[in-house]
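Asker: Dropping in structure38.txt, with compact mmCIF, C-alpha atoms.
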# COMPACT_ATOMS: atom_id res chain seq x y z
CA MET A 1 1.51 15.85 -4.60
CA ARG A 2 1.87 13.43 -1.70
CA TRP A 3 2.29 9.69 -1.34
CA TYR A 4 0.69 8.25 1.79
CA GLY A 5 2.54 5.04 2.66
CA ASP A 6 1.68 2.31 5.16
CA ASN A 7 2.83 -1.26 5.67
CA SER A 8 1.15 -4.58 6.36
CA GLU A 9 1.95 -8.29 6.61
CA ALA A 10 0.34 -11.46 5.31
CA SER A 11 0.90 -15.21 5.28
CA GLY A 12 1.65 -16.99 2.02
CA ILE A 13 1.30 -20.67 1.09
CA TRP A 14 4.81 -21.77 1.98
CA LYS A 15 4.00 -22.98 5.51
CA ALA A 16 5.98 -20.21 7.19
CA GLU A 17 5.81 -20.19 10.97
CA ILE A 18 4.73 -16.51 11.04
CA PRO A 19 3.56 -14.05 8.31
CA ASP A 20 6.11 -14.14 5.49
CA LEU A 21 4.84 -11.42 3.13
CA VAL A 22 5.38 -7.68 3.57
CA LEU A 23 3.31 -5.05 1.77
CA PHE A 24 4.17 -1.36 1.68
CA GLY A 25 2.28 1.31 -0.19
CA GLY A 26 -0.68 3.61 -0.55
CA ILE A 27 -2.09 6.44 -2.60
CA LEU A 28 -0.33 9.12 -4.65
CA ILE A 29 -2.52 12.21 -4.83
CA GLU A 30 -2.44 15.91 -5.71
CA THR A 31 -3.30 18.51 -3.04
CA GLU A 32 -6.67 19.54 -4.48
CA ALA A 33 -7.79 15.95 -4.97
CA ALA A 34 -6.60 15.13 -1.45
CA HIS A 35 -8.98 17.72 -0.01
CA ILE A 36 -11.86 16.24 -2.01
CA LEU A 37 -11.04 12.67 -0.96
CA GLU A 38 -10.66 13.59 2.70
CA GLN A 39 -14.07 15.28 2.62
CA ARG A 40 -15.63 12.22 0.98
CA ILE A 41 -14.16 10.03 3.72
CA CYS A 42 -15.47 12.30 6.48
CA ASP A 43 -18.92 12.47 4.87
CA ALA A 44 -19.10 8.68 4.76
CA LYS A 45 -17.99 8.40 8.38
CA ARG A 46 -20.72 10.83 9.50
CA ARG A 47 -23.34 8.40 8.24
CA TYR A 48 -22.20 6.04 11.00
CA SER A 49 -21.40 8.57 13.72
CA LYS A 50 -21.66 12.31 14.26
CA LEU A 51 -17.88 12.19 14.64
CA GLY A 52 -16.74 12.36 11.05
CA ARG A 53 -13.11 11.97 12.07
CA TRP A 54 -13.13 8.58 13.78
CA PRO A 55 -10.12 6.45 12.83
CA MET A 56 -10.53 3.51 10.49
CA LYS A 57 -8.49 0.51 9.37
CA TRP A 58 -9.17 -2.43 7.10
CA ASN A 59 -8.91 -4.65 10.17
CA PHE A 60 -11.04 -2.45 12.39
CA ASN A 61 -10.46 -4.70 15.42
CA ASP A 62 -6.92 -3.30 15.57
CA LEU A 63 -8.47 -0.05 16.83
CA LYS A 64 -10.54 -1.51 19.65
CA GLY A 65 -7.99 -0.55 22.30
CA LEU A 66 -7.77 3.01 20.96
CA PHE A 67 -11.54 3.49 21.12
CA GLU A 68 -11.64 2.04 24.64
CA LYS A 69 -8.81 4.31 25.73
CA ARG A 70 -10.87 7.27 24.50
CA ASN A 71 -14.00 5.98 26.27
CA ARG A 72 -15.67 5.20 22.96
CA ALA A 73 -16.27 1.46 23.35
CA GLU A 74 -19.95 1.74 22.35
CA LEU A 75 -19.03 3.74 19.25
CA PHE A 76 -16.50 1.06 18.31
CA GLN A 77 -19.14 -1.68 18.53
CA SER A 78 -21.66 0.22 16.41
CA ILE A 79 -19.09 1.05 13.73
CA GLN A 80 -17.60 -2.44 13.74
CA GLN A 81 -20.89 -4.13 12.91
CA ASP A 82 -21.12 -2.06 9.70
CA SER A 83 -17.45 -2.47 8.79
CA LYS A 84 -17.95 -3.97 5.34
CA LYS A 85 -20.61 -1.42 4.51
CA TRP A 86 -18.58 1.71 5.28
CA ARG A 87 -15.38 0.31 3.77
CA SER A 88 -17.23 -0.33 0.54
CA GLU A 89 -18.94 3.08 0.60
CA ILE A 90 -15.66 4.93 1.14
CA VAL A 91 -13.92 3.10 -1.71
CA VAL A 92 -16.84 3.69 -4.09
CA ALA A 93 -16.96 7.38 -3.10
CA SER A 94 -13.26 7.68 -3.97
CA LEU A 95 -13.43 6.29 -7.48
CA ASP A 96 -14.04 9.58 -9.31
CA VAL A 97 -11.26 11.31 -7.35
CA ASP A 98 -7.90 11.51 -9.12
CA TYR A 99 -5.35 9.39 -7.23
CA ARG A 100 -3.07 6.47 -8.05
CA ILE A 101 -1.98 3.42 -6.09
CA VAL A 102 1.57 2.17 -5.61
CA VAL A 103 2.25 -0.95 -3.51
CA ALA A 104 5.29 -3.19 -3.06
CA CYS A 105 4.86 -6.83 -2.08
CA VAL A 106 7.92 -8.74 -0.86
CA LYS A 107 8.20 -12.40 0.12
CA HIS A 108 10.63 -13.37 2.89
CA HIS A 109 13.31 -15.82 1.78
CA SER A 110 12.77 -18.10 4.79
CA VAL A 111 9.82 -19.85 6.47
CA ARG A 112 11.52 -20.05 9.89
CA ARG A 113 10.16 -17.85 12.67
CA HIS A 114 13.50 -16.65 14.03
CA ILE A 115 14.86 -15.77 10.57
CA ILE A 116 11.71 -13.87 9.55
CA LYS A 117 11.77 -11.97 12.85
CA THR A 118 15.46 -11.04 12.63
CA THR A 119 15.21 -9.99 8.97
CA ARG A 120 11.87 -8.18 9.25
CA GLU A 121 13.39 -4.69 9.39
CA PRO A 122 15.54 -5.05 6.24
CA VAL A 123 12.66 -6.70 4.39
CA VAL A 124 10.29 -3.84 5.30
CA ARG A 125 13.02 -1.37 4.27
CA PHE A 126 13.37 -3.25 0.97
CA ALA A 127 9.61 -3.07 0.40
CA PHE A 128 9.67 0.65 1.18
CA SER A 129 12.51 1.24 -1.30
CA ASN A 130 10.69 -0.75 -4.01
CA ALA A 131 7.53 1.26 -3.51
CA LEU A 132 9.41 4.56 -3.28
CA MET A 133 11.17 3.86 -6.57
CA ARG A 134 7.83 3.20 -8.25
CA VAL A 135 6.48 6.45 -6.83
CA GLY A 136 9.56 8.14 -8.29
CA PHE A 137 8.72 6.79 -11.75
CA ALA A 138 5.11 7.92 -11.43
CA VAL A 139 6.14 11.41 -10.33
CA LYS A 140 8.76 11.63 -13.09
CA ASN A 141 6.03 11.12 -15.67
CA ASN A 142 3.98 14.03 -14.30
CA GLU A 143 4.00 17.31 -16.16
CA GLN A 144 5.10 19.01 -12.94
CA PRO A 145 7.24 16.62 -10.86
CA GLY A 146 7.30 16.96 -7.11
CA CYS A 147 6.18 14.88 -4.16
CA GLU A 148 6.14 14.69 -0.39
CA VAL A 149 6.20 11.28 1.29
CA VAL A 150 3.93 10.81 4.32
CA LEU A 151 4.40 7.66 6.37
CA ASP A 152 2.59 6.06 9.27
CA TRP A 153 4.51 6.32 12.53
CA PRO A 154 6.60 3.10 12.65
CA ASP A 155 6.26 0.45 15.34
CA GLY A 156 8.39 1.40 18.31
CA GLY A 157 9.09 4.80 16.76
CA LYS A 158 11.85 3.28 14.59
CA CYS A 159 12.03 5.95 11.90
CA ALA A 160 15.74 5.52 11.13
CA PRO A 161 15.40 2.79 8.45
CA TYR A 162 12.98 4.92 6.44
CA ILE A 163 14.94 8.13 6.92
CA GLU A 164 18.21 6.44 5.88
CA GLU A 165 16.67 4.88 2.78
CA TYR A 166 14.95 8.11 1.81
CA ARG A 167 18.12 10.18 2.33
CA SER A 168 20.08 7.85 0.06
CA ALA A 169 17.37 7.88 -2.60
CA PHE A 170 17.00 11.65 -2.37
CA TRP A 171 20.66 12.67 -2.60
CA HIS A 172 22.32 9.76 -4.39
CA GLY A 173 19.61 7.87 -6.25
CA HIS A 174 20.52 4.46 -4.87
CA CYS A 175 19.48 2.14 -2.05
CA HIS A 176 21.01 2.79 1.36
CA HIS A 177 22.29 -0.72 2.11
CA SER A 178 22.85 -1.66 -1.54
CA PRO A 179 24.60 1.30 -3.21
CA THR A 180 25.00 -0.71 -6.41
CA VAL A 181 21.20 -0.83 -6.78
CA PRO A 182 20.13 2.46 -8.39
CA TYR A 183 16.79 4.19 -8.31
CA ARG A 184 16.16 4.00 -12.04
CA CYS A 185 13.85 6.98 -11.78
CA GLY A 186 16.89 9.02 -10.73
CA ALA A 187 17.72 10.80 -7.48
CA LEU A 188 14.56 12.05 -5.81
CA LYS A 189 16.01 15.55 -5.43
CA ASP A 190 16.03 15.84 -9.20
CA LEU A 191 12.31 15.02 -9.23
CA ASN A 192 11.53 17.81 -6.74
CA PHE A 193 10.69 15.45 -3.87
CA GLY A 194 10.65 16.85 -0.36
CA GLY A 195 14.00 16.68 1.40
CA TYR A 196 12.78 14.22 4.05
CA PRO A 197 9.83 11.93 4.76
CA LEU A 198 7.01 13.12 6.98
CA PHE A 199 5.64 10.94 9.78
CA THR A 200 2.24 11.06 11.47
CA ARG A 201 -0.05 8.70 13.32
CA MET A 202 -2.44 6.85 11.09
CA GLU A 203 -5.39 7.39 13.43
CA GLU A 204 -5.04 11.18 12.94
CA CYS A 205 -4.73 11.15 9.14
CA PRO A 206 -7.73 10.13 6.99
CA LEU A 207 -5.58 9.63 3.88
CA LEU A 208 -3.22 7.25 5.67
CA GLN A 209 -6.31 5.44 6.89
CA PHE A 210 -7.49 5.22 3.29
CA SER A 211 -4.11 3.81 2.29
CA ASP A 212 -4.57 1.19 5.01
CA LEU A 213 -7.93 0.24 3.45
CA ILE A 214 -6.23 -0.19 0.10
CA LEU A 215 -3.43 -2.32 1.57
CA GLY A 216 -6.02 -4.49 3.29
CA ALA A 217 -7.80 -5.07 -0.01
CA VAL A 218 -4.52 -5.79 -1.81
CA ARG A 219 -3.58 -8.23 0.95
CA GLU A 220 -6.76 -10.17 0.18
CA PHE A 221 -6.00 -9.96 -3.54
CA VAL A 222 -2.63 -11.59 -2.83
CA ALA A 223 -4.44 -14.32 -0.89
CA PHE A 224 -6.72 -14.80 -3.93
CA ALA A 225 -3.68 -15.06 -6.21
CA LEU A 226 -2.27 -17.78 -3.94
CA GLY A 227 -5.53 -19.74 -3.86
CA GLN A 228 -6.38 -18.78 -0.27
CA LYS A 229 -9.49 -16.73 -1.10
CA THR A 230 -12.17 -16.86 -3.76
CA GLU A 231 -12.89 -14.17 -6.32
CA ASP A 232 -16.03 -13.11 -4.46
CA ALA A 233 -14.15 -12.41 -1.19
CA PHE A 234 -14.75 -8.89 0.06
CA GLY A 235 -11.18 -7.60 -0.35
CA VAL A 236 -10.92 -9.12 -3.82
CA THR A 237 -14.10 -7.37 -4.98
CA VAL A 238 -12.74 -4.10 -3.55
CA THR A 239 -9.45 -4.60 -5.39
CA LYS A 240 -11.41 -5.17 -8.60
CA LEU A 241 -13.08 -1.77 -8.13
CA LEU A 242 -9.67 -0.16 -7.61
CA ILE A 243 -7.92 -1.70 -10.64
CA PRO A 244 -8.07 1.50 -12.77
CA LYS A 245 -6.39 3.40 -9.92
CA PHE A 246 -3.15 1.40 -9.96
CA VAL A 247 -0.08 2.88 -11.59
CA GLY A 248 0.54 0.89 -14.77
CA TYR A 249 -3.14 0.37 -15.56
CA PRO A 250 -4.24 -1.30 -17.75
CA LYS A 251 -1.38 -3.52 -18.94
CA ARG A 252 1.49 -3.03 -16.47
CA ILE A 253 -0.10 -3.05 -13.02
CA ILE A 254 2.05 -5.93 -11.76
CA GLY A 255 5.51 -4.41 -11.69
CA ARG A 256 4.49 -0.75 -11.67
CA GLY A 257 1.40 -0.43 -9.51
CA ILE A 258 2.21 -3.57 -7.52
CA SER A 259 5.96 -4.16 -7.38
CA VAL A 260 6.76 -7.80 -6.60
CA ALA A 261 9.84 -9.47 -5.14
CA PRO A 262 11.33 -11.91 -5.78
CA THR A 263 11.06 -11.14 -9.47
CA ASN A 264 10.27 -13.72 -12.13
CA SER A 265 9.12 -16.13 -9.42
CA GLU A 266 6.02 -18.29 -9.24
CA PHE A 267 4.78 -15.81 -6.63
CA ALA A 268 5.10 -12.90 -9.07
CA HIS A 269 3.49 -14.88 -11.88
CA ALA A 270 0.60 -15.88 -9.60
CA LEU A 271 -0.11 -12.19 -8.97
CA PHE A 272 0.12 -11.50 -12.69
CA ARG A 273 -2.40 -14.23 -13.50
CA ALA A 274 -4.77 -13.14 -10.75
CA MET A 275 -4.71 -9.48 -11.82
CA ALA A 276 -5.38 -10.45 -15.44
CA LYS A 277 -8.29 -12.60 -14.29
CA LEU A 278 -9.84 -9.77 -12.28
CA ARG A 279 -9.31 -7.22 -15.01
CA ASP A 280 -10.23 -9.28 -18.07
CA GLY A 281 -12.09 -12.29 -16.67
CA LYS A 282 -9.32 -14.63 -17.84
CA GLU A 283 -5.75 -15.45 -16.86
CA GLY A 284 -2.88 -13.86 -18.74
CA GLY A 285 -5.12 -11.32 -20.42
CA GLY A 286 -2.59 -8.97 -21.96
CA GLU A 287 -0.56 -7.83 -18.98
CA SER A 288 3.17 -7.83 -19.74
CA GLN A 289 4.88 -10.58 -17.76
CA ASN A 290 8.14 -8.68 -18.06
CA SER A 291 6.60 -6.12 -15.73
CA THR A 292 6.60 -8.36 -12.65
CA GLY A 293 10.04 -7.26 -11.58
CA SER A 294 10.59 -4.81 -8.77
CA ARG A 295 13.75 -3.22 -10.20
CA VAL A 296 12.95 -2.86 -13.92
Would you give me this structure, written as structure tokens?
Answerer:
Amino acid sequence: MRWYGDNSEASGIWKAEIPDLVLFGGILIETEAAHILEQRICDAKRRYSKLGRWPMKWNFNDLKGLFEKRNRAELFQSIQQDSKKWRSEIVVASLDVDYRIVVACVKHHSVRRHIIKTTREPVVRFAFSNALMRVGFAVKNNEQPGCEVVLDWPDGGKCAPYIEEYRSAFWHGHCHHSPTVPYRCGALKDLNFGGYPLFTRMEECPLLQFSDLILGAVREFVAFALGQKTEDAFGVTVTKLLIPKFVGYPKRIIGRGISVAPTNSEFAHALFRAMAKLRDGKEGGGESQNSTGSRV
């Protein structure tokens, strides 16, 4: 089993000077299912280009420079104009494949640009640790525990924060910078996790690309929860399709499939209400509000 993790940012409703929400997460999938999903992704891509391995992201414009660098500017334009279509097709093609989704969503404590910028690394690390702990719980509940963690190559090649956090979780079962905060799933070594995280470039790995699609949809779900998007927005409709794939489905998605910090906040409760509305067509439809915490 592998967990393919990526990170993203978003802006909340608190008038922050720069994006103040961090998301970290992706899909947890067994090896056989991973082969099936990767083939489905490649098959869908071939309907838009003979190159079934072209890179994709939720925000496809982020890849414009990469396509131009590879002398594929015309291919970029043709794929971009069908972006909603192929994103939807790939998600729909994935739905009968066995995988689960784990995402952490963390709100910065400040709205000031300089504070958000200087605390970005520890906040991303915190989001990674929240998501990793949830993956640990999911793996622990498997009949045959075991997992490798595959991460997108970090900005600037700064792997150390992830390696340090993973090493602490693996050997000691607690957070690197907060040793008093345990991984309640236990030390990752006892769950047969790999001894270290693996890093690769997203544009070379279809399953990391798929995790990016999921994060993009979840980012729009968060915007919906905060009143920034309507229920018929593209990413919200994609999230609705993916609801059965989240860890914790059906009643404990917020807290298990989507770990939220700060806990027991209006932000966490907004996500709870929005998820219940998407799942049941009404707010508060049965999901346990005690499950909004990121450390329980």
Asker: Report, in Å with one decimal, the straight-line distance from CA of Asp98 (chain A) to CA of Val238 (chain A).
Answerer: 17.3 Å
Asker: What does the structure give for the distance between CA of Asn192 (chain A) and CA of Leu23 (chain A), in Å to one decimal?
Answerer: 25.7 Å
Asker: Quick one: pull the distance between CA of Pro145 (chain A) and CA of Met1 (chain A), Å, one decimal.
Answerer: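 Rounded to one decimal, the two atoms are 8.5 Å apart.
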Asker: Excluding Phe60 (chain A) and its own-chain neighbours fewer than 2 positions away, which residues fall within 9 Å of it when counting all atoms listed in the file? Please give them as an MDAnalysis selection string.
Answerer: chainID A and resid 55:58 62:64 76 79:80 83
Asker: Tell me which protein, DNA and RNA residues are within 10 Å of region 279-282 of chain A, counting only C-alpha atoms, leaving out same-chain ones fewer than 5 positions away, and put them as a PyMOL selection string.
Answerer: chain A and resi 239-241+243-244+249-251+273-274+287
